[in-house]
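This is target-v3.cif. It holds mmCIF, C-alpha atoms.
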data_data
loop_
_atom_site.label_atom_id
_atom_site.label_comp_id
_atom_site.auth_asym_id
_atom_site.auth_seq_id
_atom_site.Cartn_x
_atom_site.Cartn_y
_atom_site.Cartn_z
CA MET L 28 -4.71 -49.76 -32.59
CA THR L 29 -4.24 -52.26 -29.77
CA THR L 30 -3.81 -51.36 -26.12
CA ASP L 31 -0.24 -52.55 -26.34
CA GLN L 32 0.49 -50.21 -29.20
CA THR L 33 -1.15 -47.25 -27.50
CA ILE L 34 0.84 -47.73 -24.34
CA VAL L 35 4.01 -48.39 -26.29
CA GLN L 36 3.55 -45.19 -28.24
CA ARG L 37 3.21 -43.22 -25.04
CA ALA L 38 6.17 -45.02 -23.55
CA ALA L 39 8.28 -44.41 -26.63
CA ALA L 40 7.49 -40.71 -26.26
CA GLY L 41 8.98 -40.81 -22.77
CA ASP L 42 5.81 -41.02 -20.68
CA GLU L 43 6.94 -42.48 -17.36
CA ARG L 44 3.52 -43.84 -16.50
CA ALA L 45 3.36 -45.84 -19.70
CA LEU L 46 6.91 -47.09 -19.24
CA ARG L 47 6.11 -48.14 -15.70
CA GLN L 48 2.95 -49.88 -16.82
CA LEU L 49 4.82 -51.94 -19.39
CA TRP L 50 7.41 -52.83 -16.78
CA MET L 51 4.85 -53.80 -14.15
CA GLU L 52 2.88 -56.01 -16.50
CA ASN L 53 5.85 -57.78 -18.03
CA ALA L 54 8.61 -57.83 -15.42
CA PRO L 55 7.47 -61.06 -13.73
CA HIS L 56 7.85 -62.94 -17.01
CA ILE L 57 10.79 -61.11 -18.52
CA ASP L 58 12.78 -61.17 -15.30
CA ALA L 59 12.06 -64.89 -14.97
CA VAL L 60 13.74 -65.43 -18.33
CA VAL L 61 16.74 -63.37 -17.26
CA LEU L 62 17.01 -65.22 -13.96
CA ARG L 63 16.78 -68.60 -15.64
CA LEU L 64 19.54 -67.82 -18.13
CA CYS L 65 21.84 -66.17 -15.60
CA GLY L 66 21.28 -68.73 -12.89
CA ASP L 67 22.52 -66.27 -10.30
CA ARG L 68 20.19 -63.77 -8.68
CA ASP L 69 22.74 -61.00 -8.18
CA LEU L 70 23.97 -61.21 -11.74
CA ALA L 71 20.40 -61.46 -12.98
CA ALA L 72 19.45 -58.28 -11.14
CA ASP L 73 22.19 -56.37 -12.93
CA VAL L 74 21.31 -57.90 -16.28
CA ALA L 75 17.59 -57.27 -15.81
CA GLN L 76 18.27 -53.57 -15.46
CA GLU L 77 20.20 -53.61 -18.74
CA VAL L 78 17.49 -55.68 -20.37
CA TRP L 79 14.75 -53.24 -19.49
CA ILE L 80 16.77 -50.27 -20.64
CA GLN L 81 17.35 -52.07 -23.94
CA ILE L 82 13.66 -52.92 -24.28
CA PHE L 83 12.65 -49.33 -23.69
CA ARG L 84 15.37 -48.09 -25.99
CA ALA L 85 14.01 -50.31 -28.74
CA LEU L 86 10.37 -49.24 -28.30
CA PRO L 87 10.27 -47.15 -31.49
CA SER L 88 10.96 -50.33 -33.45
CA TYR L 89 7.94 -52.18 -32.00
CA ARG L 90 5.44 -52.57 -34.81
CA GLY L 91 2.73 -54.48 -33.03
CA ASP L 92 3.17 -57.59 -35.18
CA SER L 93 3.29 -59.65 -32.00
CA GLN L 94 2.28 -59.08 -28.41
CA PHE L 95 4.55 -56.72 -26.55
CA GLY L 96 5.54 -59.48 -24.13
CA THR L 97 6.63 -61.74 -26.96
CA TRP L 98 8.60 -58.97 -28.59
CA ALA L 99 10.24 -58.00 -25.30
CA HIS L 100 11.02 -61.65 -24.57
CA ARG L 101 13.27 -61.85 -27.62
CA ILE L 102 15.13 -58.74 -26.59
CA ALA L 103 15.51 -60.10 -23.07
CA VAL L 104 17.05 -63.33 -24.32
CA ASN L 105 19.42 -61.57 -26.71
CA ARG L 106 20.50 -59.01 -24.18
CA THR L 107 21.00 -61.60 -21.46
CA LEU L 108 23.10 -63.77 -23.73
CA ASN L 109 25.20 -60.74 -24.62
CA ALA L 110 25.66 -59.95 -20.96
CA LEU L 111 26.65 -63.52 -20.21
CA ARG L 112 29.20 -63.42 -23.00
CA LYS L 113 30.71 -60.37 -21.39
CA VAL L 114 31.27 -62.26 -18.18
CA ARG L 115 32.64 -65.15 -20.23
CA ARG L 116 30.11 -67.63 -18.99
CA ILE L 117 29.31 -68.97 -22.40
CA ALA L 118 32.25 -67.69 -24.39
CA LYS L 119 33.30 -71.13 -25.49
CA VAL L 120 30.18 -73.16 -25.78
CA GLU L 121 31.67 -75.64 -28.19
CA MET L 122 34.43 -76.38 -25.72
CA ASP L 123 31.80 -77.24 -23.15
CA VAL L 124 30.70 -80.08 -25.35
CA GLU L 125 34.12 -81.61 -24.96
CA ASP L 126 34.44 -80.70 -21.32
CA ASP L 127 31.03 -81.88 -20.26
CA THR L 128 31.77 -85.44 -19.21
CA ALA L 129 28.69 -85.82 -17.11
CA ALA L 130 26.61 -87.33 -19.87
CA ALA L 131 29.17 -89.73 -21.26
CA PRO L 132 27.48 -93.12 -21.83
CA ASP L 133 30.07 -94.98 -19.79
CA ASN L 134 29.83 -92.57 -16.93
CA PRO L 135 26.16 -92.32 -16.02
CA GLU L 136 26.86 -90.97 -12.56
CA SER L 137 29.88 -88.74 -12.22
CA ASP L 138 31.49 -87.81 -8.94
CA ALA L 139 29.99 -84.37 -9.22
CA GLU L 140 26.49 -85.75 -9.55
CA ARG L 141 26.80 -88.38 -6.87
CA GLY L 142 25.02 -87.21 -3.80
CA ILE L 143 23.35 -84.29 -5.54
CA MET L 144 19.62 -84.50 -5.31
CA ALA L 145 18.17 -81.44 -6.95
CA GLU L 146 14.88 -80.44 -5.40
CA SER L 147 13.66 -78.82 -8.59
CA ILE L 148 14.50 -78.41 -12.23
CA ASP L 149 15.74 -74.94 -11.38
CA GLN L 150 18.37 -76.38 -9.07
CA ALA L 151 19.20 -79.21 -11.42
CA VAL L 152 19.78 -76.88 -14.36
CA LYS L 153 22.42 -75.08 -12.31
CA GLN L 154 24.41 -78.32 -12.25
CA LEU L 155 24.76 -78.28 -16.03
CA SER L 156 27.74 -76.81 -17.81
CA PRO L 157 27.11 -73.23 -18.98
CA GLY L 158 26.81 -74.25 -22.61
CA ALA L 159 24.46 -77.17 -22.01
CA ARG L 160 22.38 -75.09 -19.62
CA THR L 161 21.98 -72.28 -22.14
CA VAL L 162 21.03 -74.61 -24.98
CA PHE L 163 18.58 -76.53 -22.80
CA LEU L 164 16.88 -73.36 -21.56
CA LEU L 165 16.68 -71.78 -24.99
CA HIS L 166 15.33 -74.91 -26.68
CA ASP L 167 13.16 -76.64 -24.14
CA VAL L 168 12.02 -73.74 -21.99
CA GLU L 169 12.10 -70.69 -24.26
CA GLY L 170 11.10 -72.52 -27.44
CA TYR L 171 13.99 -71.61 -29.72
CA THR L 172 14.88 -73.90 -32.62
CA HIS L 173 18.32 -75.41 -32.95
CA GLU L 174 18.94 -73.17 -35.94
CA GLU L 175 18.07 -70.09 -33.90
CA ILE L 176 20.23 -71.25 -31.02
CA ALA L 177 23.12 -71.89 -33.37
CA GLY L 178 22.78 -68.36 -34.67
CA GLU L 179 22.55 -66.83 -31.21
CA LEU L 180 25.47 -68.72 -29.72
CA GLY L 181 27.68 -69.00 -32.78
CA ILE L 182 27.71 -72.78 -32.76
CA THR L 183 26.55 -75.45 -35.20
CA THR L 184 23.08 -76.94 -35.08
CA GLY L 185 24.76 -80.27 -34.43
CA GLY L 186 26.52 -78.79 -31.43
CA SER L 187 23.22 -77.44 -30.16
CA LYS L 188 21.54 -80.83 -30.50
CA SER L 189 24.43 -82.55 -28.78
CA GLN L 190 24.30 -80.10 -25.89
CA LEU L 191 20.58 -80.60 -25.52
CA PHE L 192 20.87 -84.37 -25.52
CA LYS L 193 23.50 -84.29 -22.82
CA ALA L 194 21.63 -81.71 -20.80
CA ARG L 195 18.42 -83.73 -20.76
CA ALA L 196 20.25 -86.92 -19.90
CA LYS L 197 21.96 -85.29 -16.97
CA LEU L 198 18.79 -83.61 -15.77
CA ARG L 199 16.95 -86.92 -15.80
CA ARG L 200 19.59 -88.39 -13.54
CA LEU L 201 19.74 -85.38 -11.25
CA LEU L 202 15.96 -85.48 -10.90
CA ALA L 203 15.64 -89.25 -10.66
CA HIS L 204 14.24 -89.08 -7.15
CA LEU L 205 11.22 -87.25 -8.53
CA SER L 206 10.34 -90.14 -10.82
CA ASP L 207 7.72 -91.47 -8.40
CA GLY L 208 5.62 -88.43 -9.09
CA PHE L 209 5.62 -89.23 -12.78
CA SER L 210 5.23 -93.00 -12.60
CA ALA L 211 2.30 -92.78 -15.00
CA GLY L 212 4.80 -91.92 -17.68
CA VAL L 213 6.70 -95.20 -17.41
CA GLY L 214 6.52 -97.06 -20.66
CA GLN L 215 5.22 -94.02 -22.51
CA GLU L 216 8.47 -92.21 -22.96
CA HIS L 217 9.23 -90.36 -26.11
CA GLY L 218 12.53 -89.36 -27.55
CA THR L 219 14.10 -85.96 -27.26
CA ALA L 220 13.03 -83.75 -30.12
CA ILE L 221 16.32 -82.91 -31.70
CA MET G 12 10.23 -98.50 0.73
CA ALA G 13 10.87 -98.58 -2.99
CA LEU G 14 14.16 -97.24 -4.23
CA PRO G 15 13.90 -94.31 -6.60
CA SER G 16 14.49 -94.86 -10.30
CA LYS G 17 17.94 -94.08 -11.62
CA GLU G 18 16.50 -91.68 -14.13
CA LEU G 19 13.49 -89.46 -14.44
CA SER G 20 11.40 -90.34 -17.48
CA GLU G 21 11.38 -88.09 -20.53
CA ARG G 22 7.74 -87.41 -19.80
CA GLY G 23 8.54 -86.46 -16.22
CA LEU G 24 11.23 -84.06 -17.39
CA ASP G 25 8.84 -82.54 -19.93
CA ALA G 26 6.30 -81.99 -17.16
CA LEU G 27 8.87 -80.15 -15.09
CA ILE G 28 9.85 -78.06 -18.11
CA THR G 29 6.22 -77.09 -18.71
CA ARG G 30 6.00 -76.01 -15.11
CA GLU G 31 9.17 -73.97 -15.47
CA GLN G 32 7.82 -72.21 -18.56
CA THR G 33 4.97 -70.70 -16.56
CA ARG G 34 7.10 -69.62 -13.63
CA VAL G 35 7.12 -65.93 -12.83
CA VAL G 36 9.39 -64.15 -10.41
CA ALA G 37 9.28 -61.00 -8.39
CA PRO G 38 10.83 -58.15 -10.40
CA LEU G 39 14.59 -58.18 -10.09
CA THR G 40 14.81 -54.42 -10.24
CA GLU G 41 12.98 -51.60 -8.53
CA TRP G 42 11.26 -48.96 -10.60
CA HIS G 43 13.02 -46.26 -8.62
CA ASN G 44 16.44 -47.50 -9.79
CA LEU G 45 15.31 -48.30 -13.29
CA SER G 46 13.63 -44.93 -13.78
CA MET G 47 16.82 -43.13 -12.75
CA SER G 48 18.73 -44.98 -15.45
CA LEU G 49 15.98 -44.27 -17.96
CA ARG G 50 16.15 -40.57 -17.15
CA GLN G 51 19.92 -40.59 -17.62
CA GLU G 52 19.37 -42.27 -20.98
CA GLY G 53 16.82 -39.65 -21.91
CA LEU G 54 14.12 -42.30 -22.26
CA ILE G 55 11.89 -40.64 -19.65
CA ARG G 56 10.83 -37.14 -20.47
CA ASP G 57 9.02 -35.24 -17.74
CA SER G 58 7.18 -33.21 -20.36
CA ALA G 59 5.63 -36.42 -21.73
CA GLY G 60 2.83 -36.59 -19.20
CA GLU G 61 4.46 -37.19 -15.84
CA ARG G 62 3.77 -34.55 -13.22
CA PRO G 63 6.75 -33.26 -11.24
CA ARG G 64 7.53 -35.35 -8.20
CA PRO G 65 6.66 -33.82 -4.80
CA GLU G 66 9.60 -32.49 -2.86
CA ARG G 67 8.91 -33.81 0.59
CA PRO G 68 11.55 -36.45 1.41
CA TYR G 69 10.10 -39.83 2.16
CA THR G 70 11.93 -42.10 4.58
CA PRO G 71 11.11 -45.79 4.44
CA SER G 72 10.74 -47.72 7.64
CA ALA G 73 14.06 -48.55 9.22
CA GLU G 74 12.74 -51.66 10.94
CA PRO G 75 15.25 -54.49 10.42
CA VAL G 76 14.18 -57.39 8.26
CA ARG G 77 13.84 -60.74 9.98
CA ARG G 78 15.63 -63.50 8.13
CA GLY G 79 16.23 -67.21 8.46
CA SER G 80 14.90 -68.95 11.51
CA GLY G 81 13.93 -65.64 13.04
CA TRP G 82 11.69 -65.01 10.10
CA LEU G 83 10.27 -68.49 10.31
CA ARG G 84 9.33 -67.93 13.93
CA ALA G 85 7.65 -64.72 12.90
CA THR G 86 5.81 -66.27 9.96
CA GLY G 87 2.45 -66.14 11.67
CA ARG G 88 2.83 -62.50 12.52
CA TRP G 89 4.14 -61.74 9.05
CA THR G 90 1.23 -63.53 7.46
CA MET G 91 -1.15 -61.45 9.50
CA ARG G 92 0.69 -58.30 8.48
CA VAL G 93 0.50 -59.29 4.84
CA ALA G 94 -3.16 -60.15 5.09
CA THR G 95 -3.79 -56.79 6.70
CA GLY G 96 -1.57 -55.17 4.13
CA ALA G 97 -3.41 -56.89 1.33
CA ALA G 98 -6.60 -55.34 2.59
CA LEU G 99 -4.81 -52.01 2.58
CA VAL G 100 -3.68 -52.67 -0.97
CA GLY G 101 -7.20 -53.28 -2.14
CA VAL G 102 -8.68 -50.35 -0.29
CA GLY G 103 -5.85 -48.08 -1.33
CA ILE G 104 -6.09 -48.80 -5.00
CA VAL G 105 -9.82 -48.60 -5.34
CA ALA G 106 -10.39 -45.84 -2.80
CA GLY G 107 -13.02 -43.46 -4.01
CA ARG G 108 -13.71 -45.33 -7.19
CA GLY G 109 -16.58 -47.41 -5.99
CA MET G 110 -15.01 -50.56 -7.36
CA THR G 111 -14.99 -53.99 -5.77
CA PHE G 112 -12.03 -55.41 -7.63
CA GLY G 113 -9.59 -54.85 -4.78
CA GLN G 114 -11.98 -56.33 -2.24
CA SER G 115 -12.37 -59.37 -4.41
CA ILE G 116 -8.63 -59.88 -4.67
CA VAL G 117 -8.21 -59.30 -0.95
CA SER G 118 -10.82 -61.94 -0.22
CA GLU G 119 -9.06 -64.36 -2.50
CA ILE G 120 -5.70 -63.68 -0.91
CA GLN G 121 -7.10 -64.03 2.58
CA GLN G 122 -8.81 -67.24 1.57
CA ALA G 123 -5.57 -68.54 0.07
CA VAL G 124 -3.70 -67.65 3.26
CA ALA G 125 -6.28 -69.40 5.38
CA ASP G 126 -6.33 -72.45 3.17
CA SER G 127 -2.54 -72.69 2.95
CA SER G 128 -2.40 -73.12 6.70
CA GLY G 129 -3.76 -76.62 6.67
CA SER G 130 -6.87 -77.20 4.65
CA SER G 131 -6.44 -79.65 1.82
CA SER G 132 -9.27 -78.20 -0.21
CA VAL G 133 -8.41 -74.80 -1.63
CA ARG G 134 -11.27 -72.83 -3.13
CA ILE G 135 -11.36 -69.50 -4.87
CA SER G 136 -14.61 -68.02 -6.04
CA GLY G 137 -16.28 -71.24 -4.96
CA LYS G 138 -14.53 -73.37 -7.57
CA PRO G 139 -12.36 -76.19 -6.25
CA PHE G 140 -8.97 -76.81 -7.80
CA ASN G 141 -8.50 -80.27 -9.15
CA SER G 142 -4.73 -80.10 -9.62
CA PRO G 143 -1.69 -78.04 -8.68
CA ALA G 144 -1.50 -76.96 -12.32
CA SER G 145 -5.00 -75.46 -12.26
CA ALA G 146 -4.21 -73.69 -8.99
CA ARG G 147 -1.04 -72.25 -10.46
CA LYS G 148 -2.90 -71.19 -13.57
CA THR G 149 -5.49 -69.38 -11.49
CA LEU G 150 -2.80 -67.75 -9.39
CA LEU G 151 -0.97 -66.55 -12.48
CA ARG G 152 -4.16 -65.22 -14.04
CA ALA G 153 -5.16 -63.40 -10.85
CA GLN G 154 -1.72 -61.93 -10.54
CA THR G 155 -1.66 -60.76 -14.14
CA GLU G 156 -5.12 -59.24 -13.87
CA TYR G 157 -4.24 -57.57 -10.61
CA GLN G 158 -1.11 -56.02 -12.02
CA ALA G 159 -2.90 -54.88 -15.15
CA ALA G 160 -5.68 -53.31 -13.10
CA ALA G 161 -3.22 -51.64 -10.75
CA ALA G 162 -1.24 -50.32 -13.69
CA PHE G 163 -4.41 -49.04 -15.35
CA LEU G 164 -5.54 -47.25 -12.23
CA ASP G 165 -2.06 -45.93 -11.73
CA ALA G 166 -2.02 -44.52 -15.23
CA SER G 167 -5.51 -43.09 -14.96
CA ASP G 168 -5.85 -39.35 -14.55
CA SER G 169 -9.24 -39.70 -12.90
CA VAL G 170 -7.81 -40.27 -9.44
CA PRO G 171 -10.04 -38.49 -6.94
CA GLN G 172 -8.51 -36.74 -3.97
CA VAL G 173 -8.90 -38.85 -0.88
CA LEU G 174 -9.74 -37.32 2.46
CA GLY G 175 -6.52 -37.02 4.42
CA GLY G 176 -4.44 -36.09 1.38
CA SER G 177 -0.74 -36.70 1.26
CA SER G 178 -0.35 -37.79 4.88
CA LEU G 179 -2.70 -40.71 4.26
CA TYR G 180 -0.62 -41.80 1.28
CA GLN G 181 2.62 -41.37 3.22
CA ASP G 182 1.33 -43.58 6.03
CA ARG G 183 0.17 -46.11 3.48
CA LEU G 184 3.55 -46.01 1.80
CA VAL G 185 5.31 -46.80 5.07
CA GLY G 186 3.11 -49.86 5.52
CA LEU G 187 3.61 -50.99 1.95
CA ASP G 188 7.36 -50.56 2.27
CA GLU G 189 7.34 -52.86 5.26
CA MET G 190 5.26 -55.38 3.35
CA THR G 191 7.53 -55.23 0.32
CA THR G 192 10.65 -55.63 2.43
CA ALA G 193 9.19 -58.47 4.47
CA SER G 194 7.90 -60.36 1.45
CA LEU G 195 11.19 -59.86 -0.39
CA ALA G 196 13.07 -61.27 2.58
CA ALA G 197 10.70 -64.22 2.65
CA LEU G 198 11.26 -64.81 -1.07
CA LYS G 199 14.99 -65.11 -0.52
CA ASP G 200 14.26 -68.15 1.61
CA ALA G 201 11.61 -69.53 -0.73
CA PRO G 202 12.04 -67.88 -4.14
CA ARG G 203 9.61 -70.21 -5.92
CA ASP G 204 6.77 -69.99 -3.45
CA PRO G 205 3.82 -68.78 -5.54
CA LEU G 206 1.95 -67.31 -2.60
CA LEU G 207 4.94 -65.28 -1.45
CA ASN G 208 5.51 -64.13 -5.01
CA GLN G 209 1.90 -63.05 -5.17
CA TYR G 210 2.24 -61.03 -1.98
CA PHE G 211 5.41 -59.36 -3.15
CA LEU G 212 3.96 -58.45 -6.52
CA SER G 213 0.76 -57.16 -4.98
CA ALA G 214 2.65 -55.04 -2.48
CA SER G 215 4.97 -53.71 -5.18
CA ALA G 216 2.09 -52.82 -7.45
CA ALA G 217 0.25 -51.09 -4.62
CA ARG G 218 3.39 -49.23 -3.66
CA GLU G 219 3.78 -47.91 -7.18
CA ALA G 220 0.13 -46.86 -7.26
CA THR G 221 0.45 -45.14 -3.88
CA LEU G 222 3.56 -43.29 -4.97
CA GLN G 223 1.64 -42.00 -7.93
CA GLN G 224 -1.27 -40.97 -5.74
CA LEU G 225 1.11 -39.28 -3.33
CA GLY G 226 2.67 -37.39 -6.20
CA ASN G 227 -0.73 -36.22 -7.37
CA SER G 228 -1.82 -35.16 -3.89
CA LEU G 229 1.02 -32.76 -3.13
CA PRO G 230 1.20 -29.15 -4.28
CA VAL G 231 2.32 -28.56 -7.84
CA GLY G 232 5.86 -27.33 -7.99
CA THR G 233 7.17 -29.56 -5.25
CA THR G 234 9.24 -32.63 -5.95
CA MET G 235 9.86 -35.81 -4.00
CA GLU G 236 13.59 -36.29 -3.66
CA ARG G 237 13.50 -39.93 -2.74
CA PHE G 238 11.13 -42.69 -1.83
#

Transcribe the structure of this file into structure tokens.
Amino acid sequence: MTTDQTIVQRAAAGDERALRQLWMENAPHIDAVVLRLCGDRDLAADVAQEVWIQIFRALPSYRGDSQFGTWAHRIAVNRTLNALRKVRRIAKVEMDVEDDTAAAPDNPESDAERGIMAESIDQAVKQLSPGARTVFLLHDVEGYTHEEIAGELGITTGGSKSQLFKARAKLRRLLAHLSDGFSAGVGQEHGTAI
Amino acid sequence: MALPSKELSERGLDALITREQTRVVAPLTEWHNLSMSLRQEGLIRDSAGERPRPERPYTPSAEPVRRGSGWLRATGRWTMRVATGAALVGVGIVAGRGMTFGQSIVSEIQQAVADSSGSSSVRISGKPFNSPASARKTLLRAQTEYQAAAAFLDASDSVPQVLGGSSLYQDRLVGLDEMTTASLAALKDAPRDPLLNQYFLSASAAREATLQQLGNSLPVGTTMERF
């Protein structure tokens, strides 16, 4: 039996020390996922509390097939998406595709983007529409496939790919001023994996 | 001066994404709040190994937190407090165990603090970093190991009684509370600063360990109402 499983068994039995140990070891990563998806620290703090309660509630179902952190990560994403749906941030993802004009080919620099110089990808992601932001984070940062994203968000895989394409295009513009730091990549670009 | 490109390259964006994937944050919740919810849910059972909490009320320091420019002016003093606190963290966690882990971490933190104040060559354990990525990787590894060790020690039942008993832990807790509050305030101004995150996580881990030690040091039958 692995250390993870031993601690999880104790935690599932209600041992506070084991529960606290799991939280201490995994909160920096799990809470980072929650914060990324929420985009707002206050909201993320509320959601993180729900996420951890859900993780601990689900402990009896942990079989040890994967690392605890990986298993908890999935729960964190699902729970956060549910919470975001409740606050109607991503209730109509497909509509965002239509509404998101920022990436239209004939409009490479919208009024909203003009003058915005994101200092980091974290800031730039906040400039995306909720739907595009969620798809981008799930696919490019969290490693979900388009099929998985479609299932999670209730959209088509085509919609997911479209959102990702637009998200990346907009991010590249918002982060253009950082291009000097990646000049070695000029001429070696590769396409978006969609 | 060359004008910036109109777009970041795909490769540049991928590099930023990779960096984002390894980002960690200070916990968004406090164990105190989370554990209350878990108790209400019935997910924490006191009969499952946790000793009753001591009854003596604990009052955190009421010293106001310095924010914004005020905090910036006090950065030097805060850094010194954190460095001192980090030493306290190490000593507190390994007290009586004859281990050098905490001292090692403290040395690394102090070295990092010293190096971040101007030196361009940052070294930990004598090995120079050759890129920001390797430095971040080391920081993440140290942080993970630190938290795991703190959690292990916290969960261990072999905690020896330290001379001074509960009052020593209470004094330590006051100091750690100040450190946690100060580092949290600093993180609000610079939430992605890896060094500040490290301090906050270290202080939080030490605080949890100290709470546990405090609980173990007080007479059985008493409970701590708040901390």

Could you please select, counting only C-alpha atoms, the residues of chain L within 8 Å of chain G and state them as a ChimeraX atom specification? /L:37,39-45,47-48,51-52,54-56,58-59,71-72,75-76,79-80,83-84,148-149,167-169,195,198-209,212-213,215-219

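Distance-wise, CA of Leu207 (chain G) and CA of Ala153 (chain G) end up 13.9 Å apart.
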
Quick one, how far is CA of Val104 (chain L) from CA of Lys148 (chain G)? 24.0 Å

Using Å and a single decimal, report how far CA of Gly178 (chain L) sits from CA of Arg68 (chain L). 26.5 Å

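What the PyMOL selection byres ((chain G and resi 218) around 9) picks from this file is Val100, Arg183, Leu184, Leu187, Asp188, Thr191, Ser213, Ala214, Ser215, Ala216, Ala217, Glu219, Ala220, Thr221, Leu222 and Gln223 of chain G.
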
Please expand the PyMOL selection byres ((chain L and resi 86) around 10) into the concrete residues it hits in this file, giving the result as a PyMOL selection string. (chain L and resi 32+35-40+46+81-85+87-90+95+98-99) or (chain G and resi 54)

Evaluating the PyMOL selection byres ((chain L and resi 105) around 12) on the displayed file yields which residues, as a PyMOL selection string? chain L and resi 57+60-61+64+74-75+77-79+81-82+98-104+106-112+161+165+169+171+175-176+178-180

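The smallest atom-to-atom distance between Val162 (chain L) and any of L:Gln150, L:Gly186, L:Leu191, L:Ala177, using all atoms listed in the file, is found for L:Leu191.
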